[in-house]
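Structure file start_38.txt (compact mmCIF, N, CA and C atoms) follows.
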# COMPACT_ATOMS: atom_id res chain seq x y z
N MET W 17 -6.30 22.84 -10.91
CA MET W 17 -4.97 23.01 -10.30
C MET W 17 -4.08 21.86 -10.78
N ASN W 18 -2.89 22.18 -11.22
CA ASN W 18 -2.00 21.13 -11.69
C ASN W 18 -1.23 20.50 -10.53
N ASP W 19 -0.57 19.37 -10.84
CA ASP W 19 0.15 18.62 -9.81
C ASP W 19 1.25 19.43 -9.15
N LYS W 20 1.97 20.24 -9.91
CA LYS W 20 3.06 21.04 -9.34
C LYS W 20 2.54 22.07 -8.33
N LYS W 21 1.42 22.71 -8.64
CA LYS W 21 0.84 23.69 -7.73
C LYS W 21 0.35 23.00 -6.45
N LEU W 22 -0.30 21.84 -6.61
CA LEU W 22 -0.77 21.10 -5.44
C LEU W 22 0.42 20.65 -4.59
N ALA W 23 1.49 20.23 -5.25
CA ALA W 23 2.70 19.83 -4.52
C ALA W 23 3.29 21.00 -3.74
N SER W 24 3.31 22.18 -4.35
CA SER W 24 3.85 23.35 -3.64
C SER W 24 2.99 23.71 -2.44
N MET W 25 1.70 23.47 -2.52
CA MET W 25 0.82 23.73 -1.38
C MET W 25 1.11 22.74 -0.24
N ALA W 26 1.44 21.50 -0.59
CA ALA W 26 1.81 20.52 0.44
C ALA W 26 3.11 20.93 1.12
N VAL W 27 4.05 21.45 0.35
CA VAL W 27 5.31 21.94 0.93
C VAL W 27 5.02 23.08 1.90
N GLU W 28 4.12 23.97 1.54
CA GLU W 28 3.74 25.08 2.43
C GLU W 28 3.07 24.55 3.70
N ALA W 29 2.19 23.57 3.54
CA ALA W 29 1.49 22.99 4.70
C ALA W 29 2.46 22.34 5.66
N LYS W 30 3.54 21.78 5.13
CA LYS W 30 4.55 21.13 5.96
C LYS W 30 5.12 22.09 6.99
N LYS W 31 5.16 23.36 6.68
CA LYS W 31 5.69 24.37 7.60
C LYS W 31 4.85 24.51 8.86
N LYS W 32 3.61 24.01 8.82
CA LYS W 32 2.72 24.09 9.97
C LYS W 32 2.75 22.83 10.83
N SER W 33 3.58 21.89 10.43
CA SER W 33 3.70 20.62 11.15
C SER W 33 4.14 20.86 12.60
N PHE W 34 3.63 20.03 13.49
CA PHE W 34 4.03 20.04 14.90
C PHE W 34 4.68 18.69 15.17
N ALA W 35 5.99 18.62 14.94
CA ALA W 35 6.71 17.35 15.03
C ALA W 35 7.87 17.47 16.02
N ASN W 36 7.55 17.85 17.23
CA ASN W 36 8.55 18.08 18.27
C ASN W 36 9.35 16.83 18.63
N PHE W 37 8.76 15.67 18.46
CA PHE W 37 9.39 14.45 18.95
C PHE W 37 10.21 13.76 17.86
N SER W 38 9.66 13.59 16.69
CA SER W 38 10.37 12.89 15.60
C SER W 38 11.15 13.85 14.71
N ASN W 39 10.77 15.11 14.70
CA ASN W 39 11.33 16.10 13.78
C ASN W 39 11.14 15.68 12.32
N PHE W 40 10.07 14.92 12.06
CA PHE W 40 9.71 14.46 10.71
C PHE W 40 8.46 15.22 10.30
N HIS W 41 8.66 16.30 9.58
CA HIS W 41 7.57 17.20 9.21
C HIS W 41 6.92 16.75 7.91
N VAL W 42 5.58 16.71 7.91
CA VAL W 42 4.82 16.28 6.73
C VAL W 42 3.70 17.27 6.49
N GLY W 43 3.49 17.61 5.23
CA GLY W 43 2.37 18.45 4.83
C GLY W 43 1.58 17.76 3.75
N ALA W 44 0.29 18.05 3.70
CA ALA W 44 -0.57 17.48 2.67
C ALA W 44 -1.49 18.56 2.12
N ALA W 45 -1.81 18.41 0.85
CA ALA W 45 -2.77 19.31 0.20
C ALA W 45 -3.76 18.43 -0.56
N LEU W 46 -5.02 18.51 -0.18
CA LEU W 46 -6.08 17.69 -0.76
C LEU W 46 -6.96 18.54 -1.65
N LEU W 47 -7.20 18.07 -2.86
CA LEU W 47 -8.01 18.79 -3.83
C LEU W 47 -9.35 18.10 -3.99
N THR W 48 -10.43 18.85 -3.77
CA THR W 48 -11.77 18.29 -3.91
C THR W 48 -12.19 18.26 -5.37
N GLU W 49 -13.30 17.60 -5.61
CA GLU W 49 -13.88 17.53 -6.95
C GLU W 49 -14.18 18.92 -7.51
N ASN W 50 -14.51 19.86 -6.61
CA ASN W 50 -14.84 21.24 -7.00
C ASN W 50 -13.64 22.17 -6.95
N ASP W 51 -12.44 21.61 -6.92
CA ASP W 51 -11.19 22.36 -6.88
C ASP W 51 -11.00 23.20 -5.63
N GLU W 52 -11.61 22.77 -4.53
CA GLU W 52 -11.33 23.42 -3.24
C GLU W 52 -10.14 22.71 -2.61
N LEU W 53 -9.35 23.45 -1.88
CA LEU W 53 -8.10 22.95 -1.34
C LEU W 53 -8.18 22.85 0.18
N TYR W 54 -7.69 21.73 0.71
CA TYR W 54 -7.61 21.53 2.16
C TYR W 54 -6.19 21.11 2.49
N LEU W 55 -5.61 21.83 3.45
CA LEU W 55 -4.24 21.54 3.87
C LEU W 55 -4.24 20.75 5.15
N GLY W 56 -3.20 19.99 5.33
CA GLY W 56 -3.02 19.24 6.58
C GLY W 56 -1.55 19.16 6.91
N ALA W 57 -1.25 18.96 8.18
CA ALA W 57 0.11 18.76 8.65
C ALA W 57 0.08 17.75 9.78
N ASN W 58 1.17 17.01 9.94
CA ASN W 58 1.20 16.06 11.04
C ASN W 58 1.30 16.80 12.36
N ILE W 59 0.61 16.26 13.35
CA ILE W 59 0.59 16.83 14.70
C ILE W 59 0.91 15.69 15.65
N GLU W 60 2.08 15.78 16.27
CA GLU W 60 2.56 14.69 17.10
C GLU W 60 2.19 14.83 18.57
N ASN W 61 2.27 13.71 19.23
CA ASN W 61 2.07 13.59 20.66
C ASN W 61 3.18 12.67 21.16
N SER W 62 3.57 12.81 22.40
CA SER W 62 4.64 11.95 22.92
C SER W 62 4.26 10.48 22.87
N SER W 63 2.99 10.18 22.88
CA SER W 63 2.51 8.82 22.65
C SER W 63 2.21 8.72 21.15
N TYR W 64 3.17 8.23 20.39
CA TYR W 64 3.08 8.29 18.93
C TYR W 64 1.77 7.76 18.36
N SER W 65 1.16 6.80 19.02
CA SER W 65 -0.10 6.26 18.48
C SER W 65 -1.21 7.30 18.49
N LEU W 66 -1.06 8.38 19.24
CA LEU W 66 -2.06 9.44 19.27
C LEU W 66 -1.76 10.55 18.27
N THR W 67 -0.67 10.40 17.54
CA THR W 67 -0.29 11.37 16.51
C THR W 67 -1.26 11.29 15.34
N ILE W 68 -1.51 12.41 14.68
CA ILE W 68 -2.35 12.42 13.48
C ILE W 68 -1.47 12.85 12.30
N CYS W 69 -1.62 12.12 11.22
CA CYS W 69 -0.84 12.40 10.01
C CYS W 69 -1.43 13.56 9.22
N ALA W 70 -0.60 14.16 8.39
CA ALA W 70 -1.01 15.29 7.56
C ALA W 70 -2.18 14.93 6.64
N GLU W 71 -2.11 13.75 6.04
CA GLU W 71 -3.15 13.34 5.10
C GLU W 71 -4.51 13.26 5.78
N ARG W 72 -4.54 12.66 6.96
CA ARG W 72 -5.82 12.52 7.67
C ARG W 72 -6.32 13.88 8.17
N THR W 73 -5.41 14.77 8.55
CA THR W 73 -5.83 16.11 8.96
C THR W 73 -6.57 16.80 7.81
N ALA W 74 -6.01 16.73 6.61
CA ALA W 74 -6.64 17.37 5.45
C ALA W 74 -7.97 16.71 5.10
N VAL W 75 -7.98 15.39 5.06
CA VAL W 75 -9.22 14.67 4.70
C VAL W 75 -10.33 14.94 5.69
N PHE W 76 -10.02 14.89 6.98
CA PHE W 76 -11.06 15.09 7.98
C PHE W 76 -11.63 16.50 7.93
N GLN W 77 -10.78 17.49 7.67
CA GLN W 77 -11.28 18.86 7.53
C GLN W 77 -12.23 18.97 6.34
N ALA W 78 -11.85 18.36 5.24
CA ALA W 78 -12.70 18.42 4.04
C ALA W 78 -14.03 17.71 4.27
N ILE W 79 -13.99 16.57 4.93
CA ILE W 79 -15.23 15.83 5.24
C ILE W 79 -16.12 16.67 6.15
N LEU W 80 -15.52 17.32 7.16
CA LEU W 80 -16.30 18.17 8.06
C LEU W 80 -16.98 19.32 7.31
N ASP W 81 -16.37 19.78 6.23
CA ASP W 81 -16.95 20.85 5.42
C ASP W 81 -17.94 20.33 4.38
N GLY W 82 -18.20 19.02 4.42
CA GLY W 82 -19.23 18.45 3.55
C GLY W 82 -18.76 17.88 2.23
N HIS W 83 -17.45 17.86 1.99
CA HIS W 83 -16.95 17.31 0.73
C HIS W 83 -16.91 15.79 0.78
N ARG W 84 -17.24 15.18 -0.34
CA ARG W 84 -17.24 13.71 -0.41
C ARG W 84 -16.52 13.17 -1.65
N LYS W 85 -16.12 14.05 -2.55
CA LYS W 85 -15.43 13.60 -3.77
C LYS W 85 -14.13 14.39 -3.93
N PHE W 86 -13.08 13.65 -4.24
CA PHE W 86 -11.74 14.23 -4.26
C PHE W 86 -10.99 13.80 -5.52
N LYS W 87 -10.11 14.68 -5.97
CA LYS W 87 -9.30 14.42 -7.16
C LYS W 87 -7.90 13.92 -6.82
N ALA W 88 -7.24 14.62 -5.89
CA ALA W 88 -5.83 14.34 -5.65
C ALA W 88 -5.41 14.80 -4.27
N ILE W 89 -4.34 14.19 -3.79
CA ILE W 89 -3.68 14.65 -2.57
C ILE W 89 -2.18 14.67 -2.84
N ALA W 90 -1.53 15.74 -2.40
CA ALA W 90 -0.07 15.85 -2.49
C ALA W 90 0.50 15.72 -1.08
N ILE W 91 1.64 15.04 -0.99
CA ILE W 91 2.27 14.78 0.31
C ILE W 91 3.74 15.17 0.22
N ALA W 92 4.18 16.03 1.13
CA ALA W 92 5.57 16.49 1.17
C ALA W 92 6.14 16.27 2.57
N SER W 93 7.39 15.85 2.62
CA SER W 93 8.05 15.67 3.92
C SER W 93 9.47 16.20 3.84
N ASP W 94 10.21 16.05 4.95
CA ASP W 94 11.61 16.44 5.00
C ASP W 94 12.53 15.34 4.45
N PHE W 95 11.96 14.19 4.15
CA PHE W 95 12.71 13.04 3.69
C PHE W 95 13.34 13.33 2.32
N GLU W 96 14.53 12.82 2.08
CA GLU W 96 15.21 13.05 0.79
C GLU W 96 14.41 12.46 -0.37
N ASP W 97 13.85 11.30 -0.17
CA ASP W 97 13.11 10.60 -1.22
C ASP W 97 11.62 10.92 -1.10
N TYR W 98 10.81 10.29 -1.90
CA TYR W 98 9.36 10.49 -1.85
C TYR W 98 8.79 9.82 -0.61
N CYS W 99 7.81 10.46 0.00
CA CYS W 99 7.21 9.95 1.22
C CYS W 99 5.78 9.49 0.93
N PRO W 100 5.55 8.19 0.86
CA PRO W 100 4.19 7.71 0.62
C PRO W 100 3.36 7.79 1.90
N PRO W 101 2.04 7.74 1.78
CA PRO W 101 1.21 7.73 2.98
C PRO W 101 1.40 6.42 3.76
N CYS W 102 1.30 6.52 5.07
CA CYS W 102 1.42 5.33 5.91
C CYS W 102 0.20 4.42 5.68
N GLY W 103 0.22 3.25 6.25
CA GLY W 103 -0.87 2.29 6.06
C GLY W 103 -2.21 2.81 6.56
N ALA W 104 -2.21 3.46 7.71
CA ALA W 104 -3.48 3.99 8.25
C ALA W 104 -4.04 5.05 7.31
N CYS W 105 -3.18 5.92 6.80
CA CYS W 105 -3.64 6.97 5.88
C CYS W 105 -4.12 6.36 4.57
N ARG W 106 -3.46 5.33 4.09
CA ARG W 106 -3.91 4.68 2.85
C ARG W 106 -5.33 4.15 3.02
N GLN W 107 -5.60 3.54 4.17
CA GLN W 107 -6.94 3.01 4.41
C GLN W 107 -7.97 4.14 4.49
N VAL W 108 -7.66 5.19 5.21
CA VAL W 108 -8.57 6.34 5.31
C VAL W 108 -8.80 6.95 3.93
N LEU W 109 -7.74 7.15 3.18
CA LEU W 109 -7.88 7.71 1.84
C LEU W 109 -8.74 6.79 0.95
N MET W 110 -8.54 5.48 1.06
CA MET W 110 -9.33 4.54 0.27
C MET W 110 -10.81 4.66 0.62
N ASP W 111 -11.11 4.67 1.91
CA ASP W 111 -12.50 4.71 2.37
C ASP W 111 -13.18 6.05 2.09
N LEU W 112 -12.46 7.14 2.24
CA LEU W 112 -13.09 8.46 2.15
C LEU W 112 -12.85 9.18 0.82
N CYS W 113 -11.82 8.77 0.08
CA CYS W 113 -11.50 9.47 -1.18
C CYS W 113 -11.60 8.58 -2.41
N GLY W 114 -11.47 7.28 -2.22
CA GLY W 114 -11.63 6.35 -3.33
C GLY W 114 -10.35 5.93 -4.01
N LYS W 115 -10.42 4.78 -4.66
CA LYS W 115 -9.24 4.15 -5.25
C LYS W 115 -8.64 4.92 -6.42
N ASP W 116 -9.42 5.81 -7.04
CA ASP W 116 -8.92 6.56 -8.19
C ASP W 116 -8.24 7.87 -7.80
N LEU W 117 -8.10 8.13 -6.51
CA LEU W 117 -7.43 9.35 -6.04
C LEU W 117 -5.99 9.37 -6.55
N ASP W 118 -5.56 10.50 -7.10
CA ASP W 118 -4.15 10.68 -7.46
C ASP W 118 -3.38 11.03 -6.19
N VAL W 119 -2.31 10.29 -5.94
CA VAL W 119 -1.44 10.55 -4.79
C VAL W 119 -0.13 11.08 -5.34
N ILE W 120 0.10 12.36 -5.07
CA ILE W 120 1.28 13.06 -5.58
C ILE W 120 2.28 13.15 -4.43
N MET W 121 3.44 12.55 -4.64
CA MET W 121 4.46 12.57 -3.60
C MET W 121 5.58 13.53 -4.02
N VAL W 122 6.05 14.32 -3.06
CA VAL W 122 7.02 15.38 -3.30
C VAL W 122 8.29 15.05 -2.52
N ASN W 123 9.42 15.00 -3.21
CA ASN W 123 10.67 14.76 -2.46
C ASN W 123 11.28 16.09 -2.01
N LYS W 124 12.41 16.01 -1.36
CA LYS W 124 13.02 17.22 -0.78
C LYS W 124 13.43 18.25 -1.84
N LYS W 125 13.69 17.78 -3.06
CA LYS W 125 14.04 18.69 -4.16
C LYS W 125 12.79 19.25 -4.83
N GLU W 126 11.63 18.92 -4.29
CA GLU W 126 10.32 19.32 -4.81
C GLU W 126 10.03 18.75 -6.20
N GLU W 127 10.62 17.58 -6.46
CA GLU W 127 10.25 16.80 -7.64
C GLU W 127 9.03 15.96 -7.25
N ILE W 128 8.22 15.58 -8.23
CA ILE W 128 6.99 14.85 -7.90
C ILE W 128 6.87 13.56 -8.70
N ILE W 129 6.19 12.60 -8.09
CA ILE W 129 5.71 11.40 -8.79
C ILE W 129 4.25 11.24 -8.39
N THR W 130 3.48 10.63 -9.27
CA THR W 130 2.05 10.45 -9.02
C THR W 130 1.67 8.99 -9.22
N HIS W 131 0.89 8.47 -8.29
CA HIS W 131 0.33 7.12 -8.38
C HIS W 131 -1.15 7.20 -8.03
N LYS W 132 -1.91 6.29 -8.57
CA LYS W 132 -3.30 6.12 -8.13
C LYS W 132 -3.25 5.44 -6.76
N LEU W 133 -4.21 5.77 -5.92
CA LEU W 133 -4.26 5.15 -4.59
C LEU W 133 -4.36 3.63 -4.72
N SER W 134 -5.08 3.16 -5.72
CA SER W 134 -5.23 1.71 -5.92
C SER W 134 -3.88 1.02 -6.15
N GLU W 135 -2.89 1.75 -6.67
CA GLU W 135 -1.55 1.19 -6.83
C GLU W 135 -0.83 1.07 -5.49
N LEU W 136 -1.11 2.02 -4.60
CA LEU W 136 -0.45 2.03 -3.29
C LEU W 136 -1.12 1.11 -2.28
N LEU W 137 -2.36 0.75 -2.55
CA LEU W 137 -3.10 -0.14 -1.64
C LEU W 137 -3.87 -1.18 -2.46
N PRO W 138 -3.13 -2.09 -3.11
CA PRO W 138 -3.82 -3.12 -3.90
C PRO W 138 -4.54 -4.10 -2.98
N LEU W 139 -5.57 -4.71 -3.49
CA LEU W 139 -6.35 -5.70 -2.73
C LEU W 139 -6.81 -5.12 -1.39
N SER W 140 -7.30 -3.89 -1.45
CA SER W 140 -7.68 -3.20 -0.21
C SER W 140 -8.97 -3.74 0.39
N PHE W 141 -9.05 -3.65 1.69
CA PHE W 141 -10.31 -3.90 2.40
C PHE W 141 -11.13 -2.63 2.24
N ASN W 142 -12.38 -2.77 1.81
CA ASN W 142 -13.22 -1.57 1.60
C ASN W 142 -14.68 -1.89 1.88
N GLU W 143 -15.55 -0.95 1.56
CA GLU W 143 -16.97 -1.08 1.90
C GLU W 143 -17.63 -2.29 1.25
N GLU W 144 -17.06 -2.81 0.17
CA GLU W 144 -17.63 -3.99 -0.48
C GLU W 144 -17.69 -5.19 0.47
N TYR W 145 -16.75 -5.27 1.39
CA TYR W 145 -16.70 -6.38 2.34
C TYR W 145 -17.73 -6.23 3.46
N LEU W 146 -18.30 -5.06 3.60
CA LEU W 146 -19.21 -4.78 4.71
C LEU W 146 -20.67 -4.86 4.30
N LYS W 147 -20.93 -5.25 3.07
CA LYS W 147 -22.33 -5.33 2.59
C LYS W 147 -22.89 -6.72 2.75
Would you mind writing the file's structure down as structure tokens?
Amino acid sequence: MNDKKLASMAVEAKKKSFANFSNFHVGAALLTENDELYLGANIENSSYSLTICAERTAVFQAILDGHRKFKAIAIASDFEDYCPPCGACRQVLMDLCGKDLDVIMVNKKEEIITHKLSELLPLSFNEEYLK
């Protein structure tokens, strides 16, 4: 699956967002090593700290289905510019998907940019520190 197709899937996932409080809709599309696709959308709660981001929704579903290796994740929001993953999602992506994950960000015009996760989270805390 190419980056544009993955990005379009993130845009579709955004439509399933439950963002009653912030009205900031986010969708994610995660591609496994075996080219299986997992979608996620942010799901808000009035206590924002209990909200779950689109990226984590997709990753957790894939992990529950037994996947452990991933190629890329696309992230789309209502924001005019590109929407990078938040700090919590960056850490989860680093721990569960790895530093070489392609992070494809989609702006409102459905243009894309791609970065390696290691670029978005340099000097990350990871499992190496826990050994």
**Shell around Ala92 (chain W) at 6.5 Å using all atoms listed in the file, local window under 6 positions removed, as a list in words** =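 In the requested form, the answer reads Ala26, Val27, Lys30, His41, Val42, Gly43, Ala44, Ala45, Met121, Val122 and Asn123 of chain W.
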**Message:** Can you measure atom N of Phe40 (chain W) to atom N of Ile89 (chain W) for me? One decimal in Å is fine.
**Reply:**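 We find that atom N of Phe40 (chain W) and atom N of Ile89 (chain W) lie 21.4 Å from each other.
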**Request:** Fewer than 3 positions away in the same chain doesn't count, so skip those; otherwise give me all residues within 9 Å of Asn61 (chain W), counting only C-alpha atoms, as number ranges by chain.
**Result:** W: 34-37, 64-68
Using N, CA and C atoms, can you export the residues from the last selection as a JSON list (two decimals), keeping the file's coordinate frame?
[["chain", "number", "residue", "atom", "x", "y", "z"],
["W", 34, "PHE", "N", 3.63, 20.03, 13.49],
["W", 34, "PHE", "CA", 4.03, 20.04, 14.90],
["W", 34, "PHE", "C", 4.68, 18.69, 15.17],
["W", 35, "ALA", "N", 5.99, 18.62, 14.94],
["W", 35, "ALA", "CA", 6.71, 17.35, 15.03],
["W", 35, "ALA", "C", 7.87, 17.47, 16.02],
["W", 36, "ASN", "N", 7.55, 17.85, 17.23],
["W", 36, "ASN", "CA", 8.55, 18.08, 18.27],
["W", 36, "ASN", "C", 9.35, 16.83, 18.63],
["W", 37, "PHE", "N", 8.76, 15.67, 18.46],
["W", 37, "PHE", "CA", 9.39, 14.45, 18.95],
["W", 37, "PHE", "C", 10.21, 13.76, 17.86],
["W", 64, "TYR", "N", 3.17, 8.23, 20.39],
["W", 64, "TYR", "CA", 3.08, 8.29, 18.93],
["W", 64, "TYR", "C", 1.77, 7.76, 18.36],
["W", 65, "SER", "N", 1.16, 6.80, 19.02],
["W", 65, "SER", "CA", -0.10, 6.26, 18.48],
["W", 65, "SER", "C", -1.21, 7.30, 18.49],
["W", 66, "LEU", "N", -1.06, 8.38, 19.24],
["W", 66, "LEU", "CA", -2.06, 9.44, 19.27],
["W", 66, "LEU", "C", -1.76, 10.55, 18.27],
["W", 67, "THR", "N", -0.67, 10.40, 17.54],
["W", 67, "THR", "CA", -0.29, 11.37, 16.51],
["W", 67, "THR", "C", -1.26, 11.29, 15.34],
["W", 68, "ILE", "N", -1.51, 12.41, 14.68],
["W", 68, "ILE", "CA", -2.35, 12.42, 13.48],
["W", 68, "ILE", "C", -1.47, 12.85, 12.30]]
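Closest to Gln107 (chain W) among W:Gln77, W:Ser93, W:Thr130, W:Ser140 is W:Ser140, based on all atoms listed in the file.
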**Asked** Between atom N of Ile59 (chain W) and CA of Gly114 (chain W), what is the spacing in Å?
**Response** 22.9 Å
**Prompt:** Which one is closest to Thr73 (chain W): W:Lys85, W:Cys99, W:Lys147, W:Cys105? Count only C-alpha atoms.
**Reply:**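 Between W:Lys85, W:Cys99, W:Lys147, W:Cys105, the residue approaching Thr73 (chain W) most closely is W:Cys105.
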**Fill in**
note - atom N of Tyr54 (chain W) and atom C of Asp97 (chain W) are separated by 22.2 Å
**Item:** Spatial sel., origin (-13.1, 14.3, 3.2), limit 10 Å, only C-alpha atoms, listed as a count of residues only
**Value:** 24
**Message:** as a ChimeraX atom specification, please: every residue in chain W that a backbone DSSP assignment puts in helix (DSSP H, G or I).
**Reply:** /W:19-30,64-66,70-80,103-113,133-136,143-146
I need the chosen residues saved as a compact mmCIF listing (two decimals), in the frame of the given file, with N, CA and C atoms.
# COMPACT_ATOMS: atom_id res chain seq x y z
N ASP W 19 -0.57 19.37 -10.84
CA ASP W 19 0.15 18.62 -9.81
C ASP W 19 1.25 19.43 -9.15
N LYS W 20 1.97 20.24 -9.91
CA LYS W 20 3.06 21.04 -9.34
C LYS W 20 2.54 22.07 -8.33
N LYS W 21 1.42 22.71 -8.64
CA LYS W 21 0.84 23.69 -7.73
C LYS W 21 0.35 23.00 -6.45
N LEU W 22 -0.30 21.84 -6.61
CA LEU W 22 -0.77 21.10 -5.44
C LEU W 22 0.42 20.65 -4.59
N ALA W 23 1.49 20.23 -5.25
CA ALA W 23 2.70 19.83 -4.52
C ALA W 23 3.29 21.00 -3.74
N SER W 24 3.31 22.18 -4.35
CA SER W 24 3.85 23.35 -3.64
C SER W 24 2.99 23.71 -2.44
N MET W 25 1.70 23.47 -2.52
CA MET W 25 0.82 23.73 -1.38
C MET W 25 1.11 22.74 -0.24
N ALA W 26 1.44 21.50 -0.59
CA ALA W 26 1.81 20.52 0.44
C ALA W 26 3.11 20.93 1.12
N VAL W 27 4.05 21.45 0.35
CA VAL W 27 5.31 21.94 0.93
C VAL W 27 5.02 23.08 1.90
N GLU W 28 4.12 23.97 1.54
CA GLU W 28 3.74 25.08 2.43
C GLU W 28 3.07 24.55 3.70
N ALA W 29 2.19 23.57 3.54
CA ALA W 29 1.49 22.99 4.70
C ALA W 29 2.46 22.34 5.66
N LYS W 30 3.54 21.78 5.13
CA LYS W 30 4.55 21.13 5.96
C LYS W 30 5.12 22.09 6.99
N TYR W 64 3.17 8.23 20.39
CA TYR W 64 3.08 8.29 18.93
C TYR W 64 1.77 7.76 18.36
N SER W 65 1.16 6.80 19.02
CA SER W 65 -0.10 6.26 18.48
C SER W 65 -1.21 7.30 18.49
N LEU W 66 -1.06 8.38 19.24
CA LEU W 66 -2.06 9.44 19.27
C LEU W 66 -1.76 10.55 18.27
N ALA W 70 -0.60 14.16 8.39
CA ALA W 70 -1.01 15.29 7.56
C ALA W 70 -2.18 14.93 6.64
N GLU W 71 -2.11 13.75 6.04
CA GLU W 71 -3.15 13.34 5.10
C GLU W 71 -4.51 13.26 5.78
N ARG W 72 -4.54 12.66 6.96
CA ARG W 72 -5.82 12.52 7.67
C ARG W 72 -6.32 13.88 8.17
N THR W 73 -5.41 14.77 8.55
CA THR W 73 -5.83 16.11 8.96
C THR W 73 -6.57 16.80 7.81
N ALA W 74 -6.01 16.73 6.61
CA ALA W 74 -6.64 17.37 5.45
C ALA W 74 -7.97 16.71 5.10
N VAL W 75 -7.98 15.39 5.06
CA VAL W 75 -9.22 14.67 4.70
C VAL W 75 -10.33 14.94 5.69
N PHE W 76 -10.02 14.89 6.98
CA PHE W 76 -11.06 15.09 7.98
C PHE W 76 -11.63 16.50 7.93
N GLN W 77 -10.78 17.49 7.67
CA GLN W 77 -11.28 18.86 7.53
C GLN W 77 -12.23 18.97 6.34
N ALA W 78 -11.85 18.36 5.24
CA ALA W 78 -12.70 18.42 4.04
C ALA W 78 -14.03 17.71 4.27
N ILE W 79 -13.99 16.57 4.93
CA ILE W 79 -15.23 15.83 5.24
C ILE W 79 -16.12 16.67 6.15
N LEU W 80 -15.52 17.32 7.16
CA LEU W 80 -16.30 18.17 8.06
C LEU W 80 -16.98 19.32 7.31
N GLY W 103 0.22 3.25 6.25
CA GLY W 103 -0.87 2.29 6.06
C GLY W 103 -2.21 2.81 6.56
N ALA W 104 -2.21 3.46 7.71
CA ALA W 104 -3.48 3.99 8.25
C ALA W 104 -4.04 5.05 7.31
N CYS W 105 -3.18 5.92 6.80
CA CYS W 105 -3.64 6.97 5.88
C CYS W 105 -4.12 6.36 4.57
N ARG W 106 -3.46 5.33 4.09
CA ARG W 106 -3.91 4.68 2.85
C ARG W 106 -5.33 4.15 3.02
N GLN W 107 -5.60 3.54 4.17
CA GLN W 107 -6.94 3.01 4.41
C GLN W 107 -7.97 4.14 4.49
N VAL W 108 -7.66 5.19 5.21
CA VAL W 108 -8.57 6.34 5.31
C VAL W 108 -8.80 6.95 3.93
N LEU W 109 -7.74 7.15 3.18
CA LEU W 109 -7.88 7.71 1.84
C LEU W 109 -8.74 6.79 0.95
N MET W 110 -8.54 5.48 1.06
CA MET W 110 -9.33 4.54 0.27
C MET W 110 -10.81 4.66 0.62
N ASP W 111 -11.11 4.67 1.91
CA ASP W 111 -12.50 4.71 2.37
C ASP W 111 -13.18 6.05 2.09
N LEU W 112 -12.46 7.14 2.24
CA LEU W 112 -13.09 8.46 2.15
C LEU W 112 -12.85 9.18 0.82
N CYS W 113 -11.82 8.77 0.08
CA CYS W 113 -11.50 9.47 -1.18
C CYS W 113 -11.60 8.58 -2.41
N LEU W 133 -4.21 5.77 -5.92
CA LEU W 133 -4.26 5.15 -4.59
C LEU W 133 -4.36 3.63 -4.72
N SER W 134 -5.08 3.16 -5.72
CA SER W 134 -5.23 1.71 -5.92
C SER W 134 -3.88 1.02 -6.15
N GLU W 135 -2.89 1.75 -6.67
CA GLU W 135 -1.55 1.19 -6.83
C GLU W 135 -0.83 1.07 -5.49
N LEU W 136 -1.11 2.02 -4.60
CA LEU W 136 -0.45 2.03 -3.29
C LEU W 136 -1.12 1.11 -2.28
N GLU W 143 -15.55 -0.95 1.56
CA GLU W 143 -16.97 -1.08 1.90
C GLU W 143 -17.63 -2.29 1.25
N GLU W 144 -17.06 -2.81 0.17
CA GLU W 144 -17.63 -3.99 -0.48
C GLU W 144 -17.69 -5.19 0.47
N TYR W 145 -16.75 -5.27 1.39
CA TYR W 145 -16.70 -6.38 2.34
C TYR W 145 -17.73 -6.23 3.46
N LEU W 146 -18.30 -5.06 3.60
CA LEU W 146 -19.21 -4.78 4.71
C LEU W 146 -20.67 -4.86 4.30
**Asked** Restricting the calculation to only N, CA and C atoms, which member of W:Leu146, W:Ala104, W:Leu117, W:Ala90 is positioned closest to Leu133 (chain W)?
**Response** W:Leu117
**Message:** I'd like to know which residues of chain W are strand (DSSP E) (by DSSP, run on the backbone); could you write them as a ChimeraX atom specification?
**Reply:** /W:42-48,53-57,86-93,118-122,128-132
**Request:** Please identify all polymer residues within 6 Å of Lys132 (chain W), counting only C-alpha atoms, omitting same-chain residues fewer than 6 positions from it, and present them as a ChimeraX atom specification.
**Result:** /W:116-119
Kindly reconstruct region 98-102 of chain W with N, CA, C and O atoms and present the result as a short mmCIF file (atom, residue, chain, number, x, y, z; two decimals), in the frame of the given file.
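Saved result, part_8.cif, follows:
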data_model
loop_
_atom_site.label_atom_id
_atom_site.label_comp_id
_atom_site.auth_asym_id
_atom_site.auth_seq_id
_atom_site.Cartn_x
_atom_site.Cartn_y
_atom_site.Cartn_z
N TYR W 98 10.81 10.29 -1.90
CA TYR W 98 9.36 10.49 -1.85
C TYR W 98 8.79 9.82 -0.61
O TYR W 98 9.22 8.74 -0.22
N CYS W 99 7.81 10.46 0.00
CA CYS W 99 7.21 9.95 1.22
C CYS W 99 5.78 9.49 0.93
O CYS W 99 4.88 10.33 0.77
N PRO W 100 5.55 8.19 0.86
CA PRO W 100 4.19 7.71 0.62
C PRO W 100 3.36 7.79 1.90
O PRO W 100 3.91 7.88 3.00
N PRO W 101 2.04 7.74 1.78
CA PRO W 101 1.21 7.73 2.98
C PRO W 101 1.40 6.42 3.76
O PRO W 101 1.67 5.37 3.17
N CYS W 102 1.30 6.52 5.07
CA CYS W 102 1.42 5.33 5.91
C CYS W 102 0.20 4.42 5.68
O CYS W 102 -0.76 4.80 5.00
#
